[in-house]
file model10.pdb (PDB, C-alpha atoms and all ligand atoms)
ATOM      1  CA  GLU A  23      33.990 192.389  28.843
ATOM      2  CA  ARG A  24      36.266 195.179  27.632
ATOM      3  CA  GLU A  25      33.244 197.487  27.189
ATOM      4  CA  GLN A  26      32.108 196.802  30.726
ATOM      5  CA  ALA A  27      35.651 197.386  32.034
ATOM      6  CA  VAL A  28      35.941 200.693  30.171
ATOM      7  CA  THR A  29      32.556 201.851  31.520
ATOM      8  CA  GLU A  30      33.780 201.251  35.066
ATOM      9  CA  ALA A  31      37.332 202.446  34.405
ATOM     10  CA  ASN A  32      37.081 205.545  36.559
ATOM     11  CA  GLU A  33      36.009 203.572  39.631
ATOM     12  CA  PRO A  34      38.914 202.707  41.923
ATOM     13  CA  ALA A  35      40.377 199.195  41.856
ATOM     14  CA  ILE A  36      39.367 197.821  45.259
ATOM     15  CA  THR A  37      39.775 194.076  45.689
ATOM     16  CA  ARG A  38      37.139 191.864  47.337
ATOM     17  CA  ASP A  39      39.214 191.820  50.490
ATOM     18  CA  GLY A  40      39.262 195.608  50.559
ATOM     19  CA  LYS A  41      42.737 196.481  49.232
ATOM     20  CA  THR A  42      42.955 199.553  47.013
ATOM     21  CA  ILE A  43      45.462 199.205  44.194
ATOM     22  CA  ASP A  44      46.412 202.274  42.200
ATOM     23  CA  VAL A  45      46.467 201.505  38.489
ATOM     24  CA  LEU A  46      48.353 204.030  36.425
ATOM     25  CA  VAL A  47      49.370 204.389  32.805
ATOM     26  CA  ASN A  48      52.784 204.212  31.145
ATOM     27  CA  VAL A  49      53.451 207.232  28.944
ATOM     28  CA  GLY A  50      55.844 207.408  25.988
ATOM     29  CA  VAL A  51      54.050 210.152  24.031
ATOM     30  CA  VAL A  52      51.665 212.814  25.383
ATOM     31  CA  GLN A  53      48.827 211.110  23.515
ATOM     32  CA  ASP A  54      49.167 208.072  25.811
ATOM     33  CA  ALA A  55      48.024 210.308  28.685
ATOM     34  CA  VAL A  56      45.219 211.820  26.604
ATOM     35  CA  ASP A  57      43.931 208.384  25.546
ATOM     36  CA  ALA A  58      44.208 206.772  28.984
ATOM     37  CA  ARG A  59      40.893 205.601  30.463
ATOM     38  CA  GLY A  60      40.667 205.201  34.203
ATOM     39  CA  ALA A  61      44.337 205.803  35.000
ATOM     40  CA  ASP A  62      45.095 206.968  38.551
ATOM     41  CA  GLY A  63      48.047 208.960  37.145
ATOM     42  CA  SER A  64      51.203 207.848  35.377
ATOM     43  CA  GLY A  65      53.604 205.427  37.039
ATOM     44  CA  LEU A  66      56.168 205.783  34.269
ATOM     45  CA  VAL A  67      56.861 208.650  31.906
ATOM     46  CA  ARG A  68      59.606 207.395  29.562
ATOM     47  CA  THR A  69      61.401 210.683  28.871
ATOM     48  CA  GLU A  70      63.899 209.163  26.442
ATOM     49  CA  VAL A  71      60.925 208.103  24.309
ATOM     50  CA  LEU A  72      59.064 211.392  24.794
ATOM     51  CA  PHE A  73      61.988 213.365  23.359
ATOM     52  CA  GLY A  74      63.574 210.522  21.403
ATOM     53  CA  ASP A  75      62.869 212.014  17.973
ATOM     54  CA  ARG A  76      64.777 215.262  18.679
ATOM     55  CA  ARG A  77      68.107 215.945  17.044
ATOM     56  CA  THR A  78      69.011 218.405  19.792
ATOM     57  CA  ALA A  79      68.292 218.241  23.500
ATOM     58  CA  PRO A  80      64.976 219.764  24.624
ATOM     59  CA  THR A  81      65.303 222.921  26.707
ATOM     60  CA  VAL A  82      64.168 223.058  30.319
ATOM     61  CA  ASP A  83      61.111 225.074  29.214
ATOM     62  CA  GLU A  84      60.167 222.509  26.582
ATOM     63  CA  GLN A  85      60.420 219.717  29.110
ATOM     64  CA  VAL A  86      58.285 221.661  31.605
ATOM     65  CA  GLU A  87      55.605 222.206  28.945
ATOM     66  CA  THR A  88      55.537 218.554  27.942
ATOM     67  CA  PHE A  89      55.388 217.273  31.534
ATOM     68  CA  ARG A  90      52.636 219.800  32.261
ATOM     69  CA  ALA A  91      50.624 218.574  29.252
ATOM     70  CA  ILE A  92      50.873 214.999  30.515
ATOM     71  CA  ALA A  93      49.787 215.980  34.029
ATOM     72  CA  GLN A  94      46.844 217.989  32.697
ATOM     73  CA  ALA A  95      45.711 215.141  30.432
ATOM     74  CA  LEU A  96      45.657 212.973  33.573
ATOM     75  CA  LYS A  97      43.641 215.591  35.476
ATOM     76  CA  ASN A  98      46.611 216.473  37.646
ATOM     77  CA  ARG A  99      46.824 213.065  39.214
ATOM     78  CA  PRO A 100      50.414 212.170  40.183
ATOM     79  CA  ILE A 101      52.863 211.570  37.364
ATOM     80  CA  THR A 102      56.097 209.655  37.803
ATOM     81  CA  ILE A 103      58.800 211.089  35.602
ATOM     82  CA  ARG A 104      61.711 208.778  34.931
ATOM     83  CA  THR A 105      64.985 210.529  34.185
ATOM     84  CA  TRP A 106      66.694 209.776  30.858
ATOM     85  CA  ASP A 107      67.002 206.017  30.454
ATOM     86  CA  ILE A 108      69.314 205.764  27.493
ATOM     87  CA  GLY A 109      71.761 203.126  26.399
ATOM     88  CA  GLY A 110      71.051 199.454  25.911
ATOM     89  CA  ASP A 111      68.544 199.358  23.083
ATOM     90  CA  LYS A 112      67.667 203.066  23.403
ATOM     91  CA  PRO A 113      70.016 205.558  21.726
ATOM     92  CA  LEU A 114      69.373 209.305  22.034
ATOM     93  CA  PRO A 115      70.486 211.338  19.004
ATOM     94  CA  PHE A 116      71.560 214.286  21.167
ATOM     95  CA  LEU A 117      73.660 212.214  23.535
ATOM     96  CA  PRO A 118      75.930 210.052  21.406
ATOM     97  CA  GLN A 119      77.480 207.084  23.167
ATOM     98  CA  ALA A 120      80.555 205.057  22.414
ATOM     99  CA  LYS A 121      79.910 201.649  20.907
ATOM    100  CA  GLU A 122      79.973 198.945  23.551
ATOM    101  CA  ALA A 123      80.375 195.186  23.259
ATOM    102  CA  ASN A 124      77.523 194.589  25.742
ATOM    103  CA  PRO A 125      75.323 197.697  25.778
ATOM    104  CA  PHE A 126      72.791 196.251  28.243
ATOM    105  CA  LEU A 127      75.649 195.747  30.697
ATOM    106  CA  GLY A 128      77.304 199.058  29.907
ATOM    107  CA  GLU A 129      76.596 202.729  30.401
ATOM    108  CA  ARG A 130      72.827 202.664  30.673
ATOM    109  CA  GLY A 131      70.323 204.842  32.484
ATOM    110  CA  LEU A 132      71.713 206.742  35.447
ATOM    111  CA  ARG A 133      75.221 205.382  34.779
ATOM    112  CA  VAL A 134      75.551 207.571  31.689
ATOM    113  CA  PHE A 135      75.387 210.808  33.678
ATOM    114  CA  ARG A 136      78.110 210.265  36.224
ATOM    115  CA  ARG A 137      80.656 211.384  33.640
ATOM    116  CA  ARG A 138      78.481 214.024  31.944
ATOM    117  CA  PRO A 139      75.713 215.263  34.255
ATOM    118  CA  GLU A 140      74.574 218.339  32.253
ATOM    119  CA  LEU A 141      71.553 216.774  30.529
ATOM    120  CA  LEU A 142      70.408 215.207  33.777
ATOM    121  CA  ARG A 143      70.717 218.527  35.598
ATOM    122  CA  ASP A 144      68.498 220.265  33.014
ATOM    123  CA  GLN A 145      65.941 217.521  33.333
ATOM    124  CA  LEU A 146      65.908 217.668  37.124
ATOM    125  CA  GLU A 147      65.388 221.412  36.947
ATOM    126  CA  ALA A 148      62.375 220.896  34.674
ATOM    127  CA  ILE A 149      61.015 218.228  37.031
ATOM    128  CA  ARG A 150      61.438 220.454  40.098
ATOM    129  CA  ARG A 151      59.588 223.226  38.298
ATOM    130  CA  VAL A 152      56.581 221.126  37.272
ATOM    131  CA  ALA A 153      56.475 219.755  40.810
ATOM    132  CA  THR A 154      55.546 223.223  42.069
ATOM    133  CA  GLU A 155      52.365 223.061  39.931
ATOM    134  CA  THR A 156      51.165 219.469  40.099
ATOM    135  CA  PRO A 157      51.961 216.234  42.009
ATOM    136  CA  VAL A 158      55.177 214.802  40.588
ATOM    137  CA  HIS A 159      57.283 211.795  41.476
ATOM    138  CA  VAL A 160      60.773 211.432  40.042
ATOM    139  CA  MET A 161      62.612 208.147  39.608
ATOM    140  CA  PHE A 162      66.049 207.119  38.463
ATOM    141  CA  PRO A 163      66.542 204.122  36.154
ATOM    142  CA  MET A 164      69.154 201.346  36.147
ATOM    143  CA  VAL A 165      70.373 201.892  39.693
ATOM    144  CA  THR A 166      72.749 199.295  41.125
ATOM    145  CA  THR A 167      74.394 200.743  44.267
ATOM    146  CA  ALA A 168      73.673 202.941  47.290
ATOM    147  CA  ASP A 169      76.408 205.253  46.060
ATOM    148  CA  GLU A 170      74.459 205.886  42.854
ATOM    149  CA  VAL A 171      71.349 206.720  44.871
ATOM    150  CA  ALA A 172      73.313 209.177  47.025
ATOM    151  CA  TRP A 173      74.775 210.796  43.916
ATOM    152  CA  ALA A 174      71.354 211.131  42.259
ATOM    153  CA  LEU A 175      69.817 212.662  45.411
ATOM    154  CA  ASP A 176      72.689 215.112  45.569
ATOM    155  CA  GLU A 177      72.112 216.127  41.941
ATOM    156  CA  LEU A 178      68.394 216.541  42.616
ATOM    157  CA  GLY A 179      68.933 218.929  45.516
ATOM    158  CA  PRO A 180      66.100 220.111  47.812
ATOM    159  CA  ARG A 181      63.031 217.941  47.289
ATOM    160  CA  HIS A 182      60.204 220.150  48.538
ATOM    161  CA  GLY A 183      56.964 218.352  47.571
ATOM    162  CA  LEU A 184      58.630 215.981  45.151
ATOM    163  CA  GLU A 185      58.463 212.247  45.890
ATOM    164  CA  VAL A 186      61.677 210.482  44.958
ATOM    165  CA  GLY A 187      62.298 206.868  43.998
ATOM    166  CA  ILE A 188      64.425 204.497  41.991
ATOM    167  CA  MET A 189      63.634 201.751  39.558
ATOM    168  CA  VAL A 190      64.513 198.279  40.735
ATOM    169  CA  GLU A 191      65.571 196.484  37.572
ATOM    170  CA  VAL A 192      69.003 195.138  38.486
ATOM    171  CA  PRO A 193      69.062 192.016  40.714
ATOM    172  CA  ALA A 194      71.699 193.644  42.949
ATOM    173  CA  ALA A 195      69.299 196.520  43.633
ATOM    174  CA  ALA A 196      66.456 194.099  44.371
ATOM    175  CA  LEU A 197      68.570 192.167  46.870
ATOM    176  CA  ARG A 198      69.849 195.325  48.572
ATOM    177  CA  VAL A 199      66.648 197.354  48.392
ATOM    178  CA  ALA A 200      66.513 198.036  52.144
ATOM    179  CA  THR A 201      69.800 199.920  51.948
ATOM    180  CA  LEU A 202      69.125 201.611  48.627
ATOM    181  CA  ALA A 203      65.638 202.846  49.566
ATOM    182  CA  LYS A 204      66.639 204.243  52.963
ATOM    183  CA  ASP A 205      66.265 207.892  51.879
ATOM    184  CA  LEU A 206      63.576 207.326  49.247
ATOM    185  CA  ASP A 207      59.780 207.602  49.122
ATOM    186  CA  PHE A 208      59.165 204.648  46.810
ATOM    187  CA  VAL A 209      60.688 202.087  44.478
ATOM    188  CA  SER A 210      59.263 200.931  41.161
ATOM    189  CA  ILE A 211      60.130 197.507  39.801
ATOM    190  CA  GLY A 212      60.970 197.409  36.106
ATOM    191  CA  THR A 213      60.103 193.824  35.377
ATOM    192  CA  ASN A 214      61.316 193.985  31.777
ATOM    193  CA  ASP A 215      64.900 194.619  32.762
ATOM    194  CA  LEU A 216      64.721 192.740  36.052
ATOM    195  CA  THR A 217      63.666 189.679  34.039
ATOM    196  CA  GLN A 218      66.402 190.208  31.469
ATOM    197  CA  TYR A 219      69.115 190.513  34.103
ATOM    198  CA  THR A 220      67.814 187.713  36.339
ATOM    199  CA  THR A 221      67.526 185.182  33.529
ATOM    200  CA  ALA A 222      70.544 186.480  31.580
ATOM    201  CA  ALA A 223      68.353 186.612  28.473
ATOM    202  CA  ASP A 224      68.544 189.685  26.222
ATOM    203  CA  ARG A 225      65.036 191.184  26.107
ATOM    204  CA  THR A 226      65.436 192.056  22.410
ATOM    205  CA  ASN A 227      66.652 188.614  21.288
ATOM    206  CA  THR A 228      63.707 186.482  20.151
ATOM    207  CA  ALA A 229      65.854 183.330  20.280
ATOM    208  CA  VAL A 230      65.868 183.508  24.084
ATOM    209  CA  ALA A 231      62.429 185.102  24.527
ATOM    210  CA  SER A 232      61.059 182.029  26.294
ATOM    211  CA  LEU A 233      63.733 182.353  28.975
ATOM    212  CA  ALA A 234      62.986 186.048  29.552
ATOM    213  CA  ASP A 235      59.640 185.331  31.189
ATOM    214  CA  GLY A 236      58.488 187.784  33.856
ATOM    215  CA  LEU A 237      56.583 184.987  35.580
ATOM    216  CA  ASP A 238      59.752 182.977  36.157
ATOM    217  CA  PRO A 239      59.694 182.116  39.891
ATOM    218  CA  ALA A 240      63.221 183.569  40.195
ATOM    219  CA  VAL A 241      61.890 186.982  39.138
ATOM    220  CA  LEU A 242      58.858 186.609  41.406
ATOM    221  CA  GLN A 243      61.094 185.733  44.373
ATOM    222  CA  LEU A 244      63.055 188.936  43.809
ATOM    223  CA  ILE A 245      59.812 190.938  43.636
ATOM    224  CA  ASP A 246      58.657 189.296  46.869
ATOM    225  CA  HIS A 247      61.992 190.163  48.480
ATOM    226  CA  VAL A 248      61.637 193.797  47.385
ATOM    227  CA  VAL A 249      58.127 194.105  48.817
ATOM    228  CA  ARG A 250      59.206 192.590  52.136
ATOM    229  CA  ASN A 251      62.362 194.640  52.527
ATOM    230  CA  ALA A 252      61.922 197.984  50.775
ATOM    231  CA  GLY A 253      60.421 199.802  53.762
ATOM    232  CA  VAL A 254      58.725 202.144  51.272
ATOM    233  CA  ARG A 255      55.876 201.982  48.765
ATOM    234  CA  VAL A 256      56.517 199.426  46.016
ATOM    235  CA  ALA A 257      55.214 199.917  42.488
ATOM    236  CA  VAL A 258      55.600 197.828  39.337
ATOM    237  CA  CYS A 259      55.861 199.618  36.002
ATOM    238  CA  GLY A 260      57.247 196.847  33.786
ATOM    239  CA  ASP A 261      55.089 194.920  31.315
ATOM    240  CA  LEU A 262      54.106 192.334  33.919
ATOM    241  CA  ALA A 263      51.751 194.933  35.417
ATOM    242  CA  SER A 264      49.790 195.048  32.140
ATOM    243  CA  ASN A 265      48.818 191.383  32.418
ATOM    244  CA  PRO A 266      45.598 191.206  34.497
ATOM    245  CA  GLN A 267      46.419 187.775  35.993
ATOM    246  CA  ALA A 268      49.935 188.831  36.894
ATOM    247  CA  ALA A 269      48.551 192.071  38.320
ATOM    248  CA  VAL A 270      46.521 190.087  40.855
ATOM    249  CA  LEU A 271      49.616 188.131  41.858
ATOM    250  CA  LEU A 272      51.698 191.316  42.212
ATOM    251  CA  ALA A 273      49.000 192.853  44.391
ATOM    252  CA  ALA A 274      48.855 189.661  46.485
ATOM    253  CA  LEU A 275      52.623 189.915  46.981
ATOM    254  CA  GLY A 276      52.080 193.421  48.386
ATOM    255  CA  VAL A 277      52.599 195.739  45.432
ATOM    256  CA  THR A 278      50.201 198.683  45.840
ATOM    257  CA  GLU A 279      50.735 200.515  42.559
ATOM    258  CA  LEU A 280      50.727 199.093  39.036
ATOM    259  CA  SER A 281      51.495 201.050  35.898
ATOM    260  CA  ALA A 282      50.262 199.482  32.671
ATOM    261  CA  VAL A 283      49.968 200.251  28.981
ATOM    262  CA  GLY A 284      46.889 202.393  28.292
ATOM    263  CA  PRO A 285      44.467 199.849  26.785
ATOM    264  CA  GLN A 286      45.130 197.413  29.659
ATOM    265  CA  VAL A 287      44.371 199.853  32.491
ATOM    266  CA  PRO A 288      40.581 199.234  32.575
ATOM    267  CA  LEU A 289      41.122 195.463  32.240
ATOM    268  CA  VAL A 290      43.677 195.330  35.056
ATOM    269  CA  LYS A 291      41.318 197.322  37.278
ATOM    270  CA  ALA A 292      38.350 195.079  36.441
ATOM    271  CA  ARG A 293      40.348 191.929  37.221
ATOM    272  CA  LEU A 294      41.567 193.341  40.536
ATOM    273  CA  ARG A 295      37.983 194.170  41.566
ATOM    274  CA  GLN A 296      37.069 190.495  41.132
ATOM    275  CA  ALA A 297      40.058 189.270  43.126
ATOM    276  CA  ASP A 298      40.375 188.233  46.744
ATOM    277  CA  LEU A 299      44.085 188.693  47.413
ATOM    278  CA  SER A 300      43.941 186.659  50.610
ATOM    279  CA  GLN A 301      42.978 183.645  48.489
ATOM    280  CA  VAL A 302      46.082 183.805  46.267
ATOM    281  CA  ASP A 303      48.510 181.033  47.217
ATOM    282  CA  THR A 304      51.674 183.110  46.903
ATOM    283  CA  ALA A 305      53.838 180.382  48.479
ATOM    284  CA  ALA A 306      52.839 177.926  45.760
ATOM    285  CA  VAL A 307      53.606 180.507  43.084
ATOM    286  CA  LEU A 308      57.011 181.406  44.518
ATOM    287  CA  ASN A 309      57.950 177.736  44.790
ATOM    288  CA  ALA A 310      56.598 176.709  41.396
ATOM    289  CA  ARG A 311      58.812 174.746  39.040
ATOM    290  CA  ASP A 312      58.743 177.318  36.257
ATOM    291  CA  ALA A 313      56.779 180.139  34.620
ATOM    292  CA  ASP A 314      54.341 177.733  32.957
ATOM    293  CA  GLN A 315      53.416 176.238  36.297
ATOM    294  CA  VAL A 316      52.909 179.771  37.650
ATOM    295  CA  ARG A 317      50.534 180.478  34.763
ATOM    296  CA  GLY A 318      48.658 177.298  35.566
ATOM    297  CA  LEU A 319      48.277 178.367  39.208
ATOM    298  CA  LEU A 320      47.014 181.809  38.194
TER     299      LEU A 320
HETATM  300  C1  LIG B 401      61.405 197.907  32.720
HETATM  301  O1  LIG B 401      62.590 197.631  32.539
HETATM  302  O2  LIG B 401      60.557 197.085  33.116
HETATM  303  C2  LIG B 401      60.906 199.278  32.458
HETATM  304  C3  LIG B 401      59.686 199.646  32.805
HETATM  305  O3  LIG B 401      61.741 200.125  31.794
HETATM  306  P1  LIG B 401      61.956 200.022  30.206
HETATM  307  O4  LIG B 401      61.036 198.977  29.674
HETATM  308  O5  LIG B 401      61.672 201.380  29.660
HETATM  309  O6  LIG B 401      63.400 199.633  30.138
HETATM  310 MG    MG B 402      64.009 199.217  32.201
END
call {"tool": "encode", "arguments": {"input": "model10.pdb", "output": "structure tokens"}}
result
Amino acid sequence: EREQAVTEANEPAITRDGKTIDVLVNVGVVQDAVDARGADGSGLVRTEVLFGDRRTAPTVDEQVETFRAIAQALKNRPITIRTWDIGGDKPLPFLPQAKEANPFLGERGLRVFRRRPELLRDQLEAIRRVATETPVHVMFPMVTTADEVAWALDELGPRHGLEVGIMVEVPAAALRVATLAKDLDFVSIGTNDLTQYTTAADRTNTAVASLADGLDPAVLQLIDHVVRNAGVRVAVCGDLASNPQAAVLLAALGVTELSAVGPQVPLVKARLRQADLSQVDTAAVLNARDADQVRGLL
């Protein structure tokens, strides 16, 4: 089955009812882009992972070169570069942070740069430069308020060809997506964090792993709300998009772009090709008792 899926990986993922879903690859190291089979681009370049082994911050030139290498490996299909998403469980050696009692609820992602924007400014310069050579989307992580979006857009400056979005991974952002996305081109749902914050279950704590289930109907209701209210293209780049069954559900809810881990890309595409989205009973899924019942329905 995997062999068959890999053979057909470069064919587009068109469902039986004629919906085209873009299936992209998540990139943490350049090799992820090189190894990707059938990816329609990258829906998530995790820059804090890409440069996470450095003791000093990468220069603008180094960032440009690395982003260019990723784009070339993906045959210059669009790449979605996420700005530094540090804090929580992800420290960066060249941007030390104060110890916090609740790091996942502290200075994470975009929040970090309000007080010290220099590293973000360098990164945005690199992103603007690569965007003159190849299709680039930029997105900001861990956004909560419209004010943060306005600040990030101000830091970015003139957009030219660049598409701009935010990650939706905080319930407040999911609920208020219509307002937050007003000046954006897309939003991308980070189901890992959205699940963690919706269920109040630390994603790194195995003792509560069963609570942090991306198929919890509460998480799915938020995703449904985002699709209905965003007014812009909605992508999913969290781990839920790597699960072929869940991918069909996400597409049935109206998500048009899924970004998965490399080995899953051909499998997600193959599953979507077999699916008739109009036959998915989304109401039953959204009203299910719990994640297990959702799995049963899928
Ligand atoms: C997410 O939260 O779903 C996401 C894609 O971001 P990360 O896993 O890097 O926090
Ligand atoms: Mg996240």
call {"tool": "residues_around", "arguments": {"input": "model10.pdb", "residues": "segment 121-129 of chain A", "least_positions_apart": "3", "cutoff": "8 Å", "atoms": "all atoms listed in the file", "output": "ChimeraX atom specification"}}
result
/A:109-111,133-134
call {"tool": "resolve_selection", "arguments": {"input": "model10.pdb", "expression": "the PyMOL selection byres (((chain A and resi 60-69) around 6) and not hetatm)", "output": "JSON, numbers by chain"}}
result
{"A": [31, 32, 45, 46, 47, 48, 49, 50, 59, 70, 71, 72, 96, 99, 100, 101, 102, 103, 104, 106, 281]}
call {"tool": "resolve_selection", "arguments": {"input": "model10.pdb", "expression": "the PyMOL selection byres (((chain A and resi 145-158) around 10) and not hetatm)", "output": "tab-separated table (two decimals) with C-alpha atoms, in the coordinates of the input"}}
result
chain	number	residue	atom	x	y	z
A	63	GLY	CA	48.05	208.96	37.15
A	64	SER	CA	51.20	207.85	35.38
A	69	THR	CA	61.40	210.68	28.87
A	80	PRO	CA	64.98	219.76	24.62
A	81	THR	CA	65.30	222.92	26.71
A	82	VAL	CA	64.17	223.06	30.32
A	83	ASP	CA	61.11	225.07	29.21
A	84	GLU	CA	60.17	222.51	26.58
A	85	GLN	CA	60.42	219.72	29.11
A	86	VAL	CA	58.28	221.66	31.60
A	87	GLU	CA	55.60	222.21	28.94
A	88	THR	CA	55.54	218.55	27.94
A	89	PHE	CA	55.39	217.27	31.53
A	90	ARG	CA	52.64	219.80	32.26
A	93	ALA	CA	49.79	215.98	34.03
A	94	GLN	CA	46.84	217.99	32.70
A	97	LYS	CA	43.64	215.59	35.48
A	98	ASN	CA	46.61	216.47	37.65
A	99	ARG	CA	46.82	213.06	39.21
A	100	PRO	CA	50.41	212.17	40.18
A	101	ILE	CA	52.86	211.57	37.36
A	102	THR	CA	56.10	209.66	37.80
A	103	ILE	CA	58.80	211.09	35.60
A	104	ARG	CA	61.71	208.78	34.93
A	105	THR	CA	64.98	210.53	34.18
A	106	TRP	CA	66.69	209.78	30.86
A	140	GLU	CA	74.57	218.34	32.25
A	141	LEU	CA	71.55	216.77	30.53
A	142	LEU	CA	70.41	215.21	33.78
A	143	ARG	CA	70.72	218.53	35.60
A	144	ASP	CA	68.50	220.26	33.01
A	159	HIS	CA	57.28	211.80	41.48
A	160	VAL	CA	60.77	211.43	40.04
A	174	ALA	CA	71.35	211.13	42.26
A	177	GLU	CA	72.11	216.13	41.94
A	178	LEU	CA	68.39	216.54	42.62
A	179	GLY	CA	68.93	218.93	45.52
A	180	PRO	CA	66.10	220.11	47.81
A	181	ARG	CA	63.03	217.94	47.29
A	182	HIS	CA	60.20	220.15	48.54
A	183	GLY	CA	56.96	218.35	47.57
A	184	LEU	CA	58.63	215.98	45.15
A	185	GLU	CA	58.46	212.25	45.89
A	186	VAL	CA	61.68	210.48	44.96
call {"tool": "closest_atom_pairs", "arguments": {"input": "model10.pdb", "of": "chain A", "to": "ligand LIG 401 (chain B)", "cutoff": "6 Å", "atoms": "only C-alpha atoms and all ligand atoms", "output": "CSV"}}
result
residue,atom,partner,partner_atom,distance
A:Glu191,CA,B:LIG401,O1,6.0
A:Gly212,CA,B:LIG401,O2,3.0
A:Thr213,CA,B:LIG401,O2,4.0
A:Asn214,CA,B:LIG401,O2,3.5
A:Asp215,CA,B:LIG401,O1,3.8
A:Cys259,CA,B:LIG401,C3,5.0
A:Gly260,CA,B:LIG401,O2,3.4
call {"tool": "atom_distance", "arguments": {"input": "model10.pdb", "atom1": "atom CA of Arg198 of chain A", "atom2": "atom CA of Ala234 of chain A"}}
result
22.2 Å
call {"tool": "atom_distance", "arguments": {"input": "model10.pdb", "atom1": "atom CA of Glu170 of chain A", "atom2": "atom CA of Leu132 of chain A"}}
result
7.9 Å
call {"tool": "residues_near_point", "arguments": {"input": "model10.pdb", "point": "(68.9, 192.9, 38.2)", "cutoff": "7 Å", "atoms": "only C-alpha atoms", "output": "number ranges by chain"}}
result
A: 191-196, 215-216, 219-220
call {"tool": "write_last_selection", "arguments": {"input": "model10.pdb", "atoms": "C-alpha atoms", "output": "CSV table (one decimal), keeping the file's coordinate frame"}}
result
chain,number,residue,atom,x,y,z
A,191,GLU,CA,65.6,196.5,37.6
A,192,VAL,CA,69.0,195.1,38.5
A,193,PRO,CA,69.1,192.0,40.7
A,194,ALA,CA,71.7,193.6,42.9
A,195,ALA,CA,69.3,196.5,43.6
A,196,ALA,CA,66.5,194.1,44.4
A,215,ASP,CA,64.9,194.6,32.8
A,216,LEU,CA,64.7,192.7,36.1
A,219,TYR,CA,69.1,190.5,34.1
A,220,THR,CA,67.8,187.7,36.3
call {"tool": "atom_distance", "arguments": {"input": "model10.pdb", "atom1": "atom CA of Pro118 of chain A", "atom2": "atom CA of Arg225 of chain A"}}
result
22.3 Å
call {"tool": "closest_residue", "arguments": {"input": "model10.pdb", "among": "A:Asp298, A:Asp176, A:Asp314, A:Glu23", "to": "Arg136 of chain A", "atoms": "all atoms listed in the file"}}
result
A:Asp176
call {"tool": "residues_around", "arguments": {"input": "model10.pdb", "residues": "Leu308 of chain A", "least_positions_apart": "3", "cutoff": "12 Å", "atoms": "all atoms listed in the file", "output": "list of chain:residue names"}}
result
A:Leu237, A:Asp238, A:Pro239, A:Ala240, A:Val241, A:Leu242, A:Gln243, A:Leu244, A:Ile245, A:Asp246, A:His247, A:Leu271, A:Leu272, A:Ala274, A:Leu275, A:Val302, A:Asp303, A:Thr304, A:Ala305, A:Arg311, A:Asp312, A:Ala313, A:Gln315, A:Val316, A:Arg317, A:Leu319, A:Leu320
call {"tool": "axis_aligned_box", "arguments": {"input": "model10.pdb", "around": "segment 156-163 of chain A", "padding_each_side": "8 Å", "output": "AutoDock Vina command-line options"}}
result
--center_x 58.9 --center_y 211.8 --center_z 39.1 --size_x 31.4 --size_y 31.3 --size_z 21.9
call {"tool": "closest_residue", "arguments": {"input": "model10.pdb", "among": "A:Asp39, A:Asp57, A:Asp169, A:Asp235", "to": "Gln301 of chain A", "atoms": "all atoms listed in the file"}}
result
A:Asp39
call {"tool": "resolve_selection", "arguments": {"input": "model10.pdb", "expression": "the PyMOL selection byres (((chain A and resi 28) around 8) and not hetatm)", "output": "list in words"}}
result
Arg24, Glu25, Gln26, Ala27, Thr29, Glu30, Ala31, Arg59, Gly60, Pro288 and Leu289 of chain A
call {"tool": "closest_residue", "arguments": {"input": "model10.pdb", "among": "A:Ala58, A:Leu114, A:Val230, A:Val258", "to": "ligand MG 402 (chain B)", "atoms": "all atoms listed in the file"}}
result
A:Val258
